[in-house]
Structure formats: structure tokens, C-alpha cells
Amino acid sequence: MPLRKINYQGFRNLVDAELEFDDDFNFIIGRNGAGKTNLLEAIFYVGLASSFRVKEEKSLIRSEDQFLRVNAETNGKKAIIYLDNNNKKLMLQGNEVYRLNDFIGWLGMTILSIEDIWIIRGSPAKRRTFLNWVIAKSSPIYLANLIEYRKILRQRNKTLQLANENGDMSLLEIFDEQLIKVGNEIYKEREINLPELKKNIAATGADFGLQKLNFDYQCTCPNMRLNHNTLKKVRQREMIFGHTIVGPHRDDLLFSINGYPLRQFASEGEERAAAISLKLAEAEMLYNKTGKRPILLLDEVSAELDQTKKEILLSLLKGQVFYASIQLPKFAQMQQKGYNLFSIERGIIEVSKKN
């Protein structure tokens with residue numbers, strides 16, 4: 001579903017503007033610090049109500065302003081996100097939305113960034129975040145369970161710390177029940193989605209010349225199920241550490257090529273190609289589940305690729321594309337269709353149409 005237009009106020013260094021987009025390629029060109037990534041972030045923010053760069057959303061508000069507002073419009077759908085120092089408001093079709101899981105999904109999108117390599121190289125939290133987004137973008141129930149699970153987790157961890165001090169285990173048993181119930185709902189959704197994700201990752205990896213790109217799901221619970229027996233076995237360690245050490249929030253993905261761990265045996269080029277493969281697999285899964293092509297946001301993602309890999313990447317881009325880079329890529333001149341060119345300098349954007 002193409003994004004038709006966006007209107008933003010008070011967002012980072014961007015000068016307030018309204019922009020209209022091409023259904024195919026939209027190239028965003030400018031020097032480092034000009035605001036290219038900020039525009040991608042504004043699109044991402046109005047689509048998924050979060051930033052792909054920071055956790056503290058208030059930092060998105062332009063320093064001299066008191067609020068930000070982003071309006072977006074597709075064919076037949078409109079959304080607004082508003083944020084100030086005290087409130088965050090989400091609106092769809094003119095109606096306020098109070099739950100995040102009722103907002104996410106109105107506009108399908110996938111972000112590809114040069115930082116995606118940290119899904120491969122980074123901590124397990126990076127890989128869990130990737131997996132959670134893959135599922136949550138097309139499953140409001142999964143997102144709702146994920147939000148509830150995190151709330152239970154915070155309460156249970158606090159209870160573990162108090163129980164270690166006063167020996168009162170009564171509250172802990174209550175949170176055990178809740179953790180098991182919601183945790184297993186998350187596990188069920190992951191079990192359903194993992195086979196398709198493996199299939200798509202293998203396919204996109206093969207396009208990049210990565211033989212048998214795959215992953216193993218490393219679970220902290222036997223058979224991907226939380227139960228009282230599992231929690232009982234780790235109770236003493238949890239009391240010592242003061243936090244929950246088993247469950248969906250502690251699992252990991254181990255990526256491999258030809259059966260060998262990617263982090264230990266792959267070159268940097270293979271790691272980058274693998275990271276792109278993961279995100280393209282995510283986009284393909286979203287398309288398969290919704291029947292609509294998600295928009296693709298590319299932030300300098302091809303900067304570290306050789307020319308062959310860049311051409312492969314181009315051939316795999318489907319649907320509406322927002323491509324941010326320091327300079328217009330060579331393949332733009334090969335486009336058979338027209339495209340929009342957004343030239344950005346100090347947050348000011350000039351638009352031209354190329355046919």
C-alpha cells in the first residue's frame with residue numbers, strides 16, 4: 001500500500017513541510033547530517049508509532065518546539081501521531097486509538113539500514129527485536145501479548161527482589177501464573193511463524209549467494225513451553241539475580257551458512273548480505289500475510305556493498321521504495337519508470353520529478 005503524502009511539524013531538524021510520493025522509487029539525497037534519515041524516521045514513526053533509532057521519543061521533538069505532529073495518507077487511510085512532553089496521541093481515520101496494537105499494521109513497512117549488521121553481530125536482544133517485529137507487524141494479538149508480557153515481567157522482577165529481602169513468595173506465585181499464560185501465547189505465535197521465516201531467509205540469502213542461510217531458535221524452555229517445573233528449577237538463581245531468567249525474553253536466534261555459525265565464519269560482506277536478507281524476508285512475510293506490499297525504507301544500506309550485490313539488491317526491491325543516500329545511485333538512471341527525487345539540505349527538502 002503506497003504512502004501518498006506526509007505532513008510533519010516539529011520533527012527533528014526537518015523544516016515543516018508536506019510531501020507527496022511516487023508509487024515506486026523515491027530517492028532522498030543529501031550530505032551526512034542534512035536530514036535524510038530524519039525523513040525516513042518520520043515515515044517510520046507515523047507507521048509504527050516508534051523510532052528505529054532512539055528509545056526516548058521526546059528527543060524526536062525539534063529542540064526549539066514544544067511538540068511534533070506527523071500526518072500520513074495512503075489510498076483511503078489517514079493517520080496522525082502527536083507527541084509533546086506530556087502526551088502521545090494516535091489517530092486513525094479521524095478517531096483516537098488508545099492501544100498500540102490497534103494502530104500498528106495500518107501501514108506495512110520494513111526498514112533496511114547499514115546498522116542491521118548488528119542483528120548478526122550484536123546481543124540476543126537485537127535478534128529478539130527483529131523476530132518480534134516480524135510477527136507483530138501482521139499480528140495485533142502477538143503485539144498485545146508482548147506488551148502484556150513485558151508488564152508482567154517488570155512486576156515479577158520487582159517481586160523477586162522483594163521476596164529475596166522478606167521471604168514472601170505469595171505474590172511470586174501469582175506472577176508465575178501470568179508469566180506462563182502469556183509467555184506460552186507468545187511461544188505459540190513464534191512456532192507458527194518460524195518455519196515461514198526460515199523459508200524466506202533461505203530464499204533471499206540464496207539470491208545474495210549465501211548458501212543455506214538458516215537459523216536455529218535457541219529456547220530457554222524445553223519444547224518452547226513455560227511451566228511451573230521450569231520456573232521451579234531456576235527459582236534459586238532468579239532469587240539471587242533478582243530477575244526472570246527463562247522465557248521468550250531470553251531466547252535467541254543462531255544464524256548459520258552451510259551449517260557454520262555466521263558470526264564466527266562469515267566475512268563482513270557475507271554478514272551485510274545476510275542482514276539485508278533478513279529484512280527482505282521480513283517484507284516478504286508481511287506481504288504473504290496481508291496481501292499488500294510493505295513500503296521499504298533504505299538508509300544507506302548499500303553503502304558497504306560491491307556493485308554486484310547492489311545490483312542484486314535492486315532486483316529484489318518490490319513495492320514502494322524510499323532510498324536515502326549521499327548521492328543518487330547509478331541504478332536510478334536505469335529506472336524504466338519515473339521517480340521522485342528529494343534533495344535535502346539542513347532539513348529543507350526540494351522535490352523534482354524524473355521521467
# chains A, B, ... in the order shown; residues from 1 in each chain; ligands from 1
call {"tool": "select_by_dssp", "arguments": {"residues": "range 10-171 of chain A", "states": "helix (DSSP H, G or I)", "output": "ChimeraX atom specification"}}
result
/A:36-48,57-60,100-103,114-121,124-136,140-166,170-171
call {"tool": "residues_around", "arguments": {"residues": "Ile119 in chain A", "least_positions_apart": "6", "cutoff": "7 Å", "atoms": "only C-alpha atoms", "output": "JSON, numbers by chain"}}
result
{"A": [126, 127, 275]}
call {"tool": "select_by_dssp", "arguments": {"residues": "range 92-318 of chain A", "states": "strand (DSSP E or B)", "output": "VMD selection string"}}
result
chain A and resid 92 95 to 97 109 to 113 213 to 218 252 to 257 260 to 261 295 to 299
call {"tool": "residues_around", "arguments": {"residues": "range 54-69 of chain A", "least_positions_apart": "4", "cutoff": "8 Å", "atoms": "only C-alpha atoms", "output": "number ranges by chain"}}
result
A: 8-13, 50, 80-85
call {"tool": "write_last_selection", "arguments": {"atoms": "C-alpha atoms", "output": "PDB file, in the first residue's frame"}}
result
ATOM      1  CA  TYR A   8       5.274  16.876   9.521  1.00  0.00           C
ATOM      2  CA  GLN A   9       5.736  19.605  12.122  1.00  0.00           C
ATOM      3  CA  GLY A  10       8.427  19.888  14.781  1.00  0.00           C
ATOM      4  CA  PHE A  11      10.189  16.678  13.776  1.00  0.00           C
ATOM      5  CA  ARG A  12      13.947  16.675  14.437  1.00  0.00           C
ATOM      6  CA  ASN A  13      15.811  19.088  12.136  1.00  0.00           C
ATOM      7  CA  SER A  50       8.141   4.286  17.426  1.00  0.00           C
ATOM      8  CA  ILE A  80      -1.832  11.135  12.736  1.00  0.00           C
ATOM      9  CA  ILE A  81       0.706  10.883  15.520  1.00  0.00           C
ATOM     10  CA  TYR A  82       1.158  13.704  18.022  1.00  0.00           C
ATOM     11  CA  LEU A  83       3.757  13.952  20.769  1.00  0.00           C
ATOM     12  CA  ASP A  84       4.585  16.604  23.363  1.00  0.00           C
ATOM     13  CA  ASN A  85       6.367  16.468  26.712  1.00  0.00           C
TER      14      ASN A  85
END
call {"tool": "residues_around", "arguments": {"residues": "Ala203 in chain A", "least_positions_apart": "6", "cutoff": "9 Å", "atoms": "only C-alpha atoms", "output": "list in words"}}
result
Lys212, Leu213, Ser277 and Ala281 of chain A
call {"tool": "atom_distance", "arguments": {"atom1": "CA of Phe208 in chain A", "atom2": "CA of Phe322 in chain A"}}
result
21.1 Å
call {"tool": "residues_around", "arguments": {"residues": "Leu231 in chain A", "least_positions_apart": "5", "cutoff": "10 Å", "atoms": "only C-alpha atoms", "output": "ChimeraX atom specification"}}
result
/A:176,179-180,221,226,236,238,244-247
call {"tool": "decode", "arguments": {"residues": "range 165-208 of chain A", "atoms": "N, CA and C atoms", "output": "mmCIF file, in the first residue's frame"}}
result
data_model
loop_
_atom_site.group_PDB
_atom_site.id
_atom_site.type_symbol
_atom_site.label_atom_id
_atom_site.label_comp_id
_atom_site.auth_asym_id
_atom_site.auth_seq_id
_atom_site.Cartn_x
_atom_site.Cartn_y
_atom_site.Cartn_z
ATOM 1 N N GLU A 165 14.365 -10.225 49.867
ATOM 2 C CA GLU A 165 14.582 -9.450 51.086
ATOM 3 C C GLU A 165 13.706 -9.914 52.237
ATOM 4 N N ASN A 166 12.409 -10.194 51.948
ATOM 5 C CA ASN A 166 11.488 -10.518 53.044
ATOM 6 C C ASN A 166 10.996 -11.959 53.075
ATOM 7 N N GLY A 167 11.356 -12.741 52.062
ATOM 8 C CA GLY A 167 10.992 -14.150 52.038
ATOM 9 C C GLY A 167 9.548 -14.438 51.675
ATOM 10 N N ASP A 168 8.759 -13.415 51.311
ATOM 11 C CA ASP A 168 7.354 -13.595 50.967
ATOM 12 C C ASP A 168 7.233 -14.020 49.502
ATOM 13 N N MET A 169 6.767 -15.265 49.284
ATOM 14 C CA MET A 169 6.697 -15.815 47.927
ATOM 15 C C MET A 169 5.275 -15.799 47.359
ATOM 16 N N SER A 170 4.306 -15.308 48.117
ATOM 17 C CA SER A 170 2.903 -15.403 47.688
ATOM 18 C C SER A 170 2.635 -14.651 46.388
ATOM 19 N N LEU A 171 3.135 -13.438 46.268
ATOM 20 C CA LEU A 171 2.923 -12.663 45.054
ATOM 21 C C LEU A 171 3.636 -13.287 43.857
ATOM 22 N N LEU A 172 4.763 -13.905 44.139
ATOM 23 C CA LEU A 172 5.549 -14.501 43.063
ATOM 24 C C LEU A 172 4.767 -15.605 42.365
ATOM 25 N N GLU A 173 4.008 -16.374 43.129
ATOM 26 C CA GLU A 173 3.206 -17.447 42.550
ATOM 27 C C GLU A 173 2.133 -16.896 41.604
ATOM 28 N N ILE A 174 1.581 -15.740 41.954
ATOM 29 C CA ILE A 174 0.575 -15.108 41.092
ATOM 30 C C ILE A 174 1.202 -14.701 39.760
ATOM 31 N N PHE A 175 2.381 -14.079 39.846
ATOM 32 C CA PHE A 175 3.050 -13.642 38.622
ATOM 33 C C PHE A 175 3.589 -14.815 37.815
ATOM 34 N N ASP A 176 3.890 -15.933 38.491
ATOM 35 C CA ASP A 176 4.280 -17.142 37.763
ATOM 36 C C ASP A 176 3.157 -17.582 36.826
ATOM 37 N N GLU A 177 1.935 -17.592 37.343
ATOM 38 C CA GLU A 177 0.776 -17.996 36.551
ATOM 39 C C GLU A 177 0.604 -17.090 35.333
ATOM 40 N N GLN A 178 0.726 -15.804 35.560
ATOM 41 C CA GLN A 178 0.553 -14.847 34.459
ATOM 42 C C GLN A 178 1.669 -14.992 33.425
ATOM 43 N N LEU A 179 2.889 -15.161 33.911
ATOM 44 C CA LEU A 179 4.033 -15.308 33.016
ATOM 45 C C LEU A 179 3.878 -16.539 32.141
ATOM 46 N N ILE A 180 3.461 -17.637 32.717
ATOM 47 C CA ILE A 180 3.274 -18.881 31.980
ATOM 48 C C ILE A 180 2.187 -18.714 30.924
ATOM 49 N N LYS A 181 1.056 -18.130 31.310
ATOM 50 C CA LYS A 181 -0.076 -17.985 30.399
ATOM 51 C C LYS A 181 0.280 -17.129 29.178
ATOM 52 N N VAL A 182 0.802 -15.923 29.423
ATOM 53 C CA VAL A 182 1.083 -15.014 28.314
ATOM 54 C C VAL A 182 2.338 -15.451 27.563
ATOM 55 N N GLY A 183 3.335 -15.946 28.297
ATOM 56 C CA GLY A 183 4.563 -16.416 27.649
ATOM 57 C C GLY A 183 4.299 -17.522 26.652
ATOM 58 N N ASN A 184 3.400 -18.430 26.987
ATOM 59 C CA ASN A 184 3.097 -19.539 26.081
ATOM 60 C C ASN A 184 2.286 -19.086 24.865
ATOM 61 N N GLU A 185 1.503 -18.024 25.015
ATOM 62 C CA GLU A 185 0.822 -17.451 23.845
ATOM 63 C C GLU A 185 1.846 -16.890 22.860
ATOM 64 N N ILE A 186 2.890 -16.259 23.384
ATOM 65 C CA ILE A 186 3.971 -15.739 22.546
ATOM 66 C C ILE A 186 4.698 -16.888 21.852
ATOM 67 N N TYR A 187 4.969 -17.942 22.617
ATOM 68 C CA TYR A 187 5.648 -19.102 22.037
ATOM 69 C C TYR A 187 4.818 -19.728 20.909
ATOM 70 N N LYS A 188 3.509 -19.803 21.079
ATOM 71 C CA LYS A 188 2.656 -20.391 20.042
ATOM 72 C C LYS A 188 2.765 -19.607 18.738
ATOM 73 N N GLU A 189 2.730 -18.270 18.844
ATOM 74 C CA GLU A 189 2.848 -17.427 17.653
ATOM 75 C C GLU A 189 4.223 -17.586 16.997
ATOM 76 N N ARG A 190 5.251 -17.686 17.805
ATOM 77 C CA ARG A 190 6.592 -17.871 17.244
ATOM 78 C C ARG A 190 6.694 -19.214 16.529
ATOM 79 N N GLU A 191 6.138 -20.239 17.129
ATOM 80 C CA GLU A 191 6.175 -21.565 16.485
ATOM 81 C C GLU A 191 5.500 -21.543 15.118
ATOM 82 N N ILE A 192 4.404 -20.813 15.006
ATOM 83 C CA ILE A 192 3.677 -20.720 13.745
ATOM 84 C C ILE A 192 4.499 -19.996 12.689
ATOM 85 N N ASN A 193 5.220 -18.940 13.095
ATOM 86 C CA ASN A 193 5.902 -18.060 12.153
ATOM 87 C C ASN A 193 7.335 -18.477 11.816
ATOM 88 N N LEU A 194 7.991 -19.215 12.679
ATOM 89 C CA LEU A 194 9.398 -19.558 12.447
ATOM 90 C C LEU A 194 9.643 -20.344 11.158
ATOM 91 N N PRO A 195 8.820 -21.336 10.821
ATOM 92 C CA PRO A 195 9.089 -22.078 9.574
ATOM 93 C C PRO A 195 9.038 -21.189 8.332
ATOM 94 N N GLU A 196 8.056 -20.289 8.260
ATOM 95 C CA GLU A 196 7.961 -19.402 7.097
ATOM 96 C C GLU A 196 9.134 -18.432 7.058
ATOM 97 N N LEU A 197 9.545 -17.951 8.236
ATOM 98 C CA LEU A 197 10.687 -17.049 8.283
ATOM 99 C C LEU A 197 11.942 -17.757 7.795
ATOM 100 N N LYS A 198 12.146 -18.993 8.210
ATOM 101 C CA LYS A 198 13.304 -19.767 7.749
ATOM 102 C C LYS A 198 13.288 -19.920 6.226
ATOM 103 N N LYS A 199 12.131 -20.220 5.698
ATOM 104 C CA LYS A 199 11.994 -20.417 4.246
ATOM 105 C C LYS A 199 12.342 -19.137 3.489
ATOM 106 N N ASN A 200 11.824 -18.008 3.950
ATOM 107 C CA ASN A 200 12.067 -16.745 3.257
ATOM 108 C C ASN A 200 13.511 -16.279 3.397
ATOM 109 N N ILE A 201 14.105 -16.503 4.567
ATOM 110 C CA ILE A 201 15.502 -16.125 4.770
ATOM 111 C C ILE A 201 16.411 -16.957 3.862
ATOM 112 N N ALA A 202 16.126 -18.239 3.746
ATOM 113 C CA ALA A 202 16.924 -19.097 2.865
ATOM 114 C C ALA A 202 16.818 -18.627 1.416
ATOM 115 N N ALA A 203 15.618 -18.218 1.003
ATOM 116 C CA ALA A 203 15.405 -17.786 -0.379
ATOM 117 C C ALA A 203 16.123 -16.474 -0.676
ATOM 118 N N THR A 204 15.971 -15.482 0.189
ATOM 119 C CA THR A 204 16.637 -14.200 -0.046
ATOM 120 C C THR A 204 18.145 -14.336 0.107
ATOM 121 N N GLY A 205 18.579 -15.198 1.023
ATOM 122 C CA GLY A 205 20.014 -15.442 1.181
ATOM 123 C C GLY A 205 20.616 -16.049 -0.071
ATOM 124 N N ALA A 206 19.899 -16.986 -0.698
ATOM 125 C CA ALA A 206 20.382 -17.621 -1.926
ATOM 126 C C ALA A 206 20.532 -16.596 -3.046
ATOM 127 N N ASP A 207 19.637 -15.615 -3.085
ATOM 128 C CA ASP A 207 19.740 -14.556 -4.093
ATOM 129 C C ASP A 207 21.049 -13.781 -3.956
ATOM 130 N N PHE A 208 21.544 -13.668 -2.745
ATOM 131 C CA PHE A 208 22.805 -12.960 -2.484
ATOM 132 C C PHE A 208 24.014 -13.889 -2.510
#
